[in-house]
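Here's start_12.txt, which has compact mmCIF, C-alpha atoms:
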# COMPACT_ATOMS: atom_id res chain seq x y z
CA MET A 1291 0.00 0.00 0.00
CA LEU A 1292 1.38 3.40 -0.93
CA MET A 1293 2.42 5.40 2.13
CA MET A 1294 1.28 8.94 1.47
CA PRO A 1295 1.92 11.17 4.49
CA ASP A 1296 -1.05 13.40 3.75
CA VAL A 1297 -3.60 10.58 3.55
CA THR A 1298 -4.73 8.60 6.56
CA ASN A 1299 -5.19 4.86 6.46
CA ALA A 1300 -8.93 5.40 6.81
CA GLU A 1301 -9.04 7.56 3.67
CA ARG A 1302 -6.82 5.42 1.51
CA GLY A 1303 -8.81 3.08 -0.70
CA LYS A 1304 -12.03 5.04 -0.39
CA PRO A 1305 -13.81 6.27 -3.54
CA ALA A 1306 -12.65 9.89 -3.11
CA TRP A 1307 -9.02 8.79 -2.80
CA ARG A 1308 -9.35 6.48 -5.78
CA GLN A 1309 -10.90 9.29 -7.81
CA ALA A 1310 -8.02 11.63 -6.85
CA MET A 1311 -5.52 8.98 -7.94
CA ARG A 1312 -7.19 8.54 -11.28
CA GLU A 1313 -7.42 12.27 -12.00
CA MET A 1314 -3.84 12.97 -11.00
CA PRO A 1315 -1.79 14.81 -13.70
CA VAL A 1316 0.58 12.56 -15.62
CA ALA A 1317 3.76 14.12 -14.25
CA GLU A 1318 2.61 13.56 -10.68
CA LYS A 1319 1.40 10.04 -11.45
CA VAL A 1320 4.78 9.11 -12.94
CA ALA A 1321 6.55 10.41 -9.82
CA LEU A 1322 4.12 8.47 -7.65
CA LEU A 1323 4.77 5.27 -9.58
CA GLU A 1324 8.49 5.63 -8.90
CA LYS A 1325 7.84 6.23 -5.20
CA THR A 1326 5.63 3.13 -5.12
CA ILE A 1327 8.39 0.94 -6.50
CA HIS A 1328 10.96 2.27 -4.04
CA GLU A 1329 8.55 1.69 -1.13
CA ALA A 1330 7.74 -1.82 -2.31
CA ILE A 1331 11.45 -2.64 -2.52
CA ALA A 1332 12.05 -1.20 0.96
CA LEU A 1333 9.18 -3.30 2.35
CA GLU A 1334 10.51 -6.41 0.65
CA ARG A 1335 13.95 -5.87 2.18
CA LEU A 1336 12.36 -5.40 5.59
CA LYS A 1337 10.38 -8.63 5.18
CA SER A 1338 13.55 -10.46 4.20
CA LYS A 1339 15.34 -9.09 7.27
CA TRP A 1340 12.49 -10.21 9.53
CA LYS A 1341 12.50 -13.70 8.03
CA LYS A 1342 16.23 -14.05 8.61
CA SER A 1343 15.84 -12.73 12.13
CA ALA A 1344 12.98 -15.18 12.82
CA LYS A 1345 15.05 -18.11 11.53
CA SER A 1346 18.04 -17.27 13.69
CA SER A 1347 15.77 -16.81 16.73
CA SER A 1348 14.01 -20.14 16.22
CA SER A 1349 17.32 -21.98 16.01
CA LEU A 1350 17.96 -21.05 19.64
CA LEU A 1351 14.77 -22.73 20.82
CA PRO A 1352 15.11 -26.19 22.40
CA THR A 1353 13.99 -29.03 20.14
CA VAL A 1354 10.92 -30.87 21.38
CA ARG A 1355 11.47 -34.63 21.26
CA MET B 1050 10.48 6.84 -13.61
CA GLU B 1051 10.63 9.90 -15.76
CA LYS B 1052 14.32 9.25 -16.38
CA VAL B 1053 13.63 5.59 -17.17
CA CYS B 1054 11.11 6.68 -19.80
CA LYS B 1055 13.67 9.06 -21.28
CA ILE B 1056 16.16 6.20 -21.59
CA LEU B 1057 13.56 3.93 -23.20
CA GLU B 1058 12.74 6.63 -25.75
CA GLN B 1059 16.46 7.08 -26.34
CA LEU B 1060 16.83 3.36 -27.03
CA VAL B 1061 14.06 3.62 -29.62
CA ALA B 1062 15.56 6.74 -31.18
CA ASN B 1063 19.00 5.13 -31.58
CA GLY B 1064 17.59 1.90 -32.98
CA THR B 1065 18.41 -0.37 -30.04
CA LEU B 1066 14.68 -0.95 -29.56
CA SER B 1067 12.15 -1.05 -32.38
CA GLY B 1068 9.49 -0.33 -29.81
CA TYR B 1069 8.59 -0.87 -26.18
CA ALA B 1070 5.60 -0.71 -23.87
CA ILE B 1071 5.43 -0.54 -20.12
CA GLY B 1072 3.24 -3.35 -18.81
CA GLY B 1073 2.60 -5.21 -15.61
CA ALA B 1074 1.71 -3.56 -12.33
CA THR B 1075 3.40 -0.28 -13.25
CA ALA B 1076 1.14 0.14 -16.27
CA ALA B 1077 -1.90 -1.01 -14.31
CA GLY B 1078 -1.04 1.48 -11.59
CA PHE B 1079 -0.62 4.26 -14.11
CA HIS B 1080 -4.21 3.84 -15.33
CA GLY B 1081 -5.63 3.96 -11.82
CA GLU B 1082 -4.06 3.70 -8.40
CA PRO B 1083 -0.40 2.88 -7.73
CA LEU B 1084 0.05 -0.86 -7.16
CA ALA B 1085 2.86 -2.47 -5.22
CA THR B 1086 5.54 -3.71 -7.57
CA LEU B 1087 9.26 -4.33 -7.31
CA ASP B 1088 10.21 -3.41 -10.86
CA VAL B 1089 9.16 -1.81 -14.13
CA ASP B 1090 8.17 -4.41 -16.71
CA VAL B 1091 9.10 -3.24 -20.19
CA PHE B 1092 7.91 -5.36 -23.10
CA VAL B 1093 10.08 -5.23 -26.21
CA PHE B 1094 10.31 -6.80 -29.62
CA ALA B 1095 13.35 -8.97 -30.24
CA GLU B 1096 14.21 -11.51 -32.89
CA PRO B 1097 16.88 -14.23 -32.79
CA GLN B 1098 20.11 -13.29 -34.51
CA PRO B 1099 20.62 -15.06 -37.86
CA GLY B 1100 21.71 -18.63 -37.23
CA PHE B 1101 20.49 -18.63 -33.63
CA LEU B 1102 17.32 -20.09 -32.15
CA LEU B 1103 17.22 -18.19 -28.88
CA VAL B 1104 16.34 -14.53 -28.52
CA SER B 1105 18.94 -12.48 -26.72
CA LEU B 1106 18.59 -9.14 -24.98
CA GLU B 1107 22.33 -8.63 -25.28
CA SER B 1108 22.05 -5.61 -27.57
CA ILE B 1109 19.79 -3.86 -25.06
CA TYR B 1110 22.03 -4.70 -22.11
CA ALA B 1111 25.12 -3.65 -24.08
CA GLU B 1112 23.62 -0.27 -24.94
CA LEU B 1113 22.47 0.26 -21.35
CA CYS B 1114 25.99 -0.62 -20.20
CA ARG B 1115 27.40 1.90 -22.67
CA LEU B 1116 25.05 4.51 -21.21
CA GLY B 1117 26.41 3.75 -17.75
CA PHE B 1118 23.75 1.36 -16.39
CA LYS B 1119 25.86 -1.62 -15.40
CA GLU B 1120 24.15 -2.70 -12.20
CA HIS B 1121 21.90 -5.74 -12.27
CA GLU B 1122 19.57 -7.17 -9.65
CA ARG B 1123 18.11 -10.59 -10.37
CA GLU B 1124 16.67 -10.29 -13.89
CA CYS B 1125 16.52 -6.49 -13.83
CA VAL B 1126 18.86 -3.75 -14.95
CA ILE B 1127 18.99 -0.83 -12.51
CA VAL B 1128 18.23 2.30 -14.54
CA HIS B 1129 18.37 5.55 -12.60
CA GLY B 1130 17.78 3.63 -9.38
CA LEU B 1131 14.79 1.63 -10.64
CA PRO B 1132 14.85 -2.10 -11.45
CA VAL B 1133 13.76 -2.49 -15.08
CA GLN B 1134 12.93 -5.92 -16.44
CA PHE B 1135 12.94 -6.30 -20.21
CA ILE B 1136 10.47 -8.91 -21.42
CA VAL B 1137 10.44 -10.07 -25.02
CA ALA B 1138 6.95 -10.14 -26.50
CA SER B 1139 6.66 -13.88 -27.02
CA ASN B 1140 3.14 -14.41 -28.31
CA ALA B 1141 0.48 -12.72 -30.43
CA LEU B 1142 -1.27 -11.10 -27.46
CA GLU B 1143 1.91 -9.59 -26.04
CA SER B 1144 2.94 -8.36 -29.50
CA GLU B 1145 -0.46 -6.78 -30.07
CA ALA B 1146 -0.42 -5.17 -26.61
CA LEU B 1147 3.00 -3.73 -27.38
CA GLN B 1148 2.04 -2.44 -30.82
CA GLU B 1149 -1.20 -0.85 -29.61
CA ALA B 1150 0.26 0.69 -26.46
CA GLN B 1151 -0.89 4.19 -25.60
CA VAL B 1152 1.59 7.02 -26.03
CA VAL B 1153 1.36 9.21 -22.95
CA ARG B 1154 2.80 12.71 -23.25
CA TRP B 1155 3.53 15.28 -20.59
CA ASP B 1156 5.75 18.38 -20.81
CA ASP B 1157 8.44 17.39 -23.32
CA LYS B 1158 8.40 13.72 -22.34
CA GLN B 1159 6.55 10.64 -23.43
CA MET B 1160 6.21 6.98 -22.62
CA ARG B 1161 4.36 4.03 -24.06
CA VAL B 1162 2.00 2.18 -21.73
CA MET B 1163 -0.14 -0.86 -22.43
CA CYS B 1164 -3.85 -0.15 -22.30
CA PRO B 1165 -6.01 -1.54 -19.46
CA GLU B 1166 -7.83 -3.96 -21.76
CA HIS B 1167 -4.61 -5.59 -22.95
CA LEU B 1168 -3.28 -5.67 -19.40
CA ALA B 1169 -6.40 -7.52 -18.30
CA ALA B 1170 -6.14 -9.98 -21.20
CA LEU B 1171 -2.48 -10.62 -20.35
CA ALA B 1172 -3.46 -11.24 -16.73
CA ILE B 1173 -6.00 -13.82 -17.88
CA GLN B 1174 -3.38 -15.42 -20.09
CA ALA B 1175 -0.87 -15.58 -17.21
CA GLY B 1176 -3.53 -17.01 -14.87
CA ARG B 1177 -1.67 -16.61 -11.57
CA PRO B 1178 -3.64 -15.93 -8.38
CA LYS B 1179 -2.48 -12.32 -8.30
CA ASP B 1180 -3.66 -11.90 -11.89
CA ARG B 1181 -7.24 -12.50 -10.77
CA ALA B 1182 -7.01 -9.54 -8.41
CA ARG B 1183 -5.37 -7.54 -11.22
CA VAL B 1184 -8.28 -8.22 -13.60
CA VAL B 1185 -10.87 -7.24 -10.98
CA TYR B 1186 -8.97 -3.99 -10.38
CA LEU B 1187 -8.63 -3.18 -14.11
CA LEU B 1188 -12.32 -3.86 -14.71
CA SER B 1189 -13.14 -1.30 -12.03
CA LEU B 1190 -11.42 1.52 -13.97
CA THR B 1191 -13.92 4.00 -15.36
CA GLN B 1192 -12.05 4.12 -18.67
CA PHE B 1193 -12.07 0.34 -19.12
CA ASP B 1194 -13.53 -0.47 -22.56
CA GLN B 1195 -15.51 -3.69 -22.23
CA VAL B 1196 -16.14 -3.99 -25.97
CA HIS B 1197 -12.44 -3.65 -26.77
CA PHE B 1198 -11.64 -6.16 -24.01
CA ASP B 1199 -14.10 -8.73 -25.32
CA ALA B 1200 -12.70 -8.36 -28.84
CA ILE B 1201 -9.14 -8.92 -27.56
CA LEU B 1202 -10.20 -12.04 -25.66
CA GLN B 1203 -12.05 -13.44 -28.70
CA ARG B 1204 -9.09 -12.73 -30.98
CA HIS B 1205 -6.66 -14.56 -28.72
CA GLY B 1206 -8.83 -17.49 -27.67
CA LEU B 1207 -9.22 -16.34 -24.06
CA TYR B 1208 -12.95 -15.69 -23.95
CA SER B 1209 -13.86 -19.09 -22.49
CA VAL B 1210 -11.21 -18.65 -19.80
CA TRP B 1211 -12.70 -15.25 -18.98
CA LEU B 1212 -16.20 -16.70 -18.71
CA ARG B 1213 -14.89 -19.27 -16.23
CA TRP B 1214 -13.11 -16.57 -14.23
CA GLN B 1215 -16.29 -14.49 -14.15
CA GLN B 1216 -18.14 -17.39 -12.57
CA GLU B 1217 -15.37 -18.26 -10.15
CA LEU B 1218 -14.88 -14.63 -9.10
CA ASN B 1219 -18.63 -14.00 -9.01
CA LEU B 1220 -18.34 -11.06 -11.37
CA GLY B 1221 -21.46 -9.69 -13.06
CA GLN B 1222 -21.53 -10.04 -16.87
Show me this structure written as structure tokens.
Amino acid sequence: MLMMPDVTNAERGKPAWRQAMREMPVAEKVALLEKTIHEAIALERLKSKWKKSAKSSSSLLPTVR
Amino acid sequence: MEKVCKILEQLVANGTLSGYAIGGATAAGFHGEPLATLDVDVFVFAEPQPGFLLVSLESIYAELCRLGFKEHERECVIVHGLPVQFIVASNALESEALQEAQVVRWDDKQMRVMCPEHLAALAIQAGRPKDRARVVYLLSLTQFDQVHFDAILQRHGLYSVWLRWQQELNLGQ
């Protein structure tokens, strides 16, 4: 989900927000698309970090026999 | 993104590409709301070199390298900080989507983007779970041309698949 500082989570996804997205000028839309990709990549890296962290944590747990 | 488009247009102008069209989630997001995606999918035409069976993107990568874009990440080339994946149009639907892409102009720039109807047809052709959500989203766009969409599906033998999806997704006809 695109993190736009001036839009609350409650507003995002609602018809008015969707309409604003669709009527956005091309130049702004292109800039937004780039921001979306960078955010998605950042989120993916965070997920990957969490997964690695979870794996290393679980390896410390005693094995149930 | 603007700089990526400039590079793509430059590749067309210098003959490296005979054409291109932005597809995938980036194109879908352009027509409506931004969608989460990790790269820019750029569809291109490419033919095998004489005497070879496989299509190579070497000429594109070589030109990008010459322009200073040498960094790769998985199957993408990093162009002005954005991962760009070049996809060779490999069937009639992809070729048609590429040829009929919309030319979007703003200020002194332009880019070629696949239209929503072709994007939806390509999603049906790909048939992954996320493509179902993509089709539902594209259908919700006010500019979505149902007649054009139906014609594309008929032309490429996807209409029966679409009818099945409509039932499974409980979409009104």
>> Using all atoms listed in the file for the distances, tell me which of A:Ala1306, A:Ala1332, A:Val1320, A:Met1314 is nearest to chain B.
In response: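 With all atoms listed in the file as the atom set, the closest residue is A:Val1320.
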Taking only residues of chain A that have an atom at most 7 Å from an atom of chain B, what is each one's shortest atom pair and its distance in Å to one decimal, using all atoms listed in the file, in chain and number order, as a Markdown table?
| residue | atom | partner | partner_atom | distance |
| --- | --- | --- | --- | --- |
| A:Met1291 | CA | B:Ala1085 | CA | 6.4 |
| A:Arg1308 | CA | B:Glu1082 | CA | 6.5 |
| A:Met1311 | CA | B:Glu1082 | CA | 5.5 |
| A:Arg1312 | CA | B:Gly1081 | CA | 4.9 |
| A:Val1316 | CA | B:Trp1155 | CA | 6.4 |
| A:Ala1317 | CA | B:Trp1155 | CA | 6.4 |
| A:Lys1319 | CA | B:Phe1079 | CA | 6.7 |
| A:Val1320 | CA | B:Met1050 | CA | 6.2 |
| A:Ala1321 | CA | B:Met1050 | CA | 6.5 |
| A:Leu1323 | CA | B:Pro1083 | CA | 6.0 |
| A:Glu1324 | CA | B:Met1050 | CA | 5.3 |
| A:Thr1326 | CA | B:Ala1085 | CA | 6.2 |
| A:Ile1327 | CA | B:Leu1087 | CA | 5.4 |
| A:Ala1330 | CA | B:Ala1085 | CA | 5.7 |
| A:Ile1331 | CA | B:Leu1087 | CA | 5.5 |
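Proximity ranking of B:Ser1144, B:Ser1108, B:His1129, B:Ile1201 relative to His1328 of chain A places B:His1129 first, based on only C-alpha atoms.
The space between atom CA of His1197 of chain B and atom CA of Glu1166 of chain B spans 6.8 Å.
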>> Need the shell around segment 1180-1187 of chain B: protein/DNA/RNA residues with any atom at most 8 Å away, counting all atoms listed in the file. Skip same-chain ones fewer than 4 positions apart. Format as an MDAnalysis selection string?
In response: chainID B and resid 1077 1165:1166 1168:1169 1172:1173 1175:1176 1193 1214
> What is the atom CA of Gln1148 of chain B to atom CA of Phe1118 of chain B distance in Å?
Replying inline: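 According to the coordinates, atom CA of Gln1148 of chain B and atom CA of Phe1118 of chain B are separated by 26.3 Å.
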> Between B:Ser1189, B:Gln1174, B:Gln1159, B:Gln1216, which has the minimum distance to Lys1055 of chain B (counting all atoms listed in the file)?
Replying inline: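 Closest to Lys1055 of chain B, using all atoms listed in the file: B:Gln1159.
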>> Which residues are near Lys1119 of chain B? Cut-off 12 Å, all atoms listed in the file, ignore same chain within fewer than 6 positions. Put them as a VMD selection string.
In response: chain B and resid 1109 to 1113 1125 to 1130 1132
>> Quick check, in Å to one decimal: how far apart do atom CA of Ser1067 of chain B and atom CA of Phe1094 of chain B lie?
In response: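 According to the coordinates, atom CA of Ser1067 of chain B and atom CA of Phe1094 of chain B are separated by 6.6 Å.
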>> I'd like to know which of B:Val1061, B:Ile1071, B:Lys1052, B:Val1210 is closest to Met1163 of chain B, using all atoms listed in the file.
In response: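 Checking each candidate against Met1163 of chain B, we get B:Ile1071 as the closest.
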>> Counting all atoms listed in the file, I want the residues whose atoms come within 7 Å of (-2.9, 1.0, -24.2) in the file frame, returned as a list of chain:residue names.
In response: B:Glu1149, B:Ala1150, B:Gln1151, B:Val1162, B:Met1163, B:Cys1164, B:Pro1165, B:His1167
The centre and edge lengths of an axis-aligned box containing all atoms of segment 1134-1145 of chain B present in the file, extended by 3 Å on each side, are to be given in Å to one decimal, as lines of an AutoDock Vina configuration file.
center_x = 5.8
center_y = -10.2
center_z = -23.4
size_x = 20.2
size_y = 14.5
size_z = 20.0
Reconstruct segment 1054-1065 of chain B at the level of N, CA and C atoms, and format the result as a PDB file, in the coordinates of the input.
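Wrote it out as part_19.pdb, contents follow:
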ATOM      1  N   CYS B1054      11.836   6.470 -18.543  1.00  0.00           N
ATOM      2  CA  CYS B1054      11.110   6.680 -19.800  1.00  0.00           C
ATOM      3  C   CYS B1054      11.990   7.378 -20.819  1.00  0.00           C
ATOM      4  N   LYS B1055      12.774   8.334 -20.365  1.00  0.00           N
ATOM      5  CA  LYS B1055      13.670   9.060 -21.280  1.00  0.00           C
ATOM      6  C   LYS B1055      14.680   8.084 -21.904  1.00  0.00           C
ATOM      7  N   ILE B1056      15.203   7.189 -21.097  1.00  0.00           N
ATOM      8  CA  ILE B1056      16.160   6.200 -21.590  1.00  0.00           C
ATOM      9  C   ILE B1056      15.499   5.262 -22.589  1.00  0.00           C
ATOM     10  N   LEU B1057      14.266   4.827 -22.286  1.00  0.00           N
ATOM     11  CA  LEU B1057      13.560   3.930 -23.200  1.00  0.00           C
ATOM     12  C   LEU B1057      13.339   4.618 -24.548  1.00  0.00           C
ATOM     13  N   GLU B1058      12.936   5.888 -24.508  1.00  0.00           N
ATOM     14  CA  GLU B1058      12.740   6.630 -25.750  1.00  0.00           C
ATOM     15  C   GLU B1058      14.062   6.796 -26.493  1.00  0.00           C
ATOM     16  N   GLN B1059      15.125   6.944 -25.725  1.00  0.00           N
ATOM     17  CA  GLN B1059      16.460   7.080 -26.340  1.00  0.00           C
ATOM     18  C   GLN B1059      16.842   5.780 -27.043  1.00  0.00           C
ATOM     19  N   LEU B1060      16.517   4.650 -26.428  1.00  0.00           N
ATOM     20  CA  LEU B1060      16.830   3.360 -27.030  1.00  0.00           C
ATOM     21  C   LEU B1060      16.045   3.159 -28.334  1.00  0.00           C
ATOM     22  N   VAL B1061      14.834   3.705 -28.383  1.00  0.00           N
ATOM     23  CA  VAL B1061      14.060   3.620 -29.620  1.00  0.00           C
ATOM     24  C   VAL B1061      14.676   4.540 -30.670  1.00  0.00           C
ATOM     25  N   ALA B1062      15.023   5.749 -30.253  1.00  0.00           N
ATOM     26  CA  ALA B1062      15.560   6.740 -31.180  1.00  0.00           C
ATOM     27  C   ALA B1062      16.878   6.279 -31.800  1.00  0.00           C
ATOM     28  N   ASN B1063      17.705   5.551 -31.022  1.00  0.00           N
ATOM     29  CA  ASN B1063      19.000   5.130 -31.580  1.00  0.00           C
ATOM     30  C   ASN B1063      18.957   3.738 -32.192  1.00  0.00           C
ATOM     31  N   GLY B1064      17.758   3.181 -32.270  1.00  0.00           N
ATOM     32  CA  GLY B1064      17.590   1.900 -32.980  1.00  0.00           C
ATOM     33  C   GLY B1064      17.841   0.651 -32.148  1.00  0.00           C
ATOM     34  N   THR B1065      18.200   0.816 -30.890  1.00  0.00           N
ATOM     35  CA  THR B1065      18.410  -0.370 -30.040  1.00  0.00           C
ATOM     36  C   THR B1065      17.095  -1.117 -29.840  1.00  0.00           C
TER      37      THR B1065
END
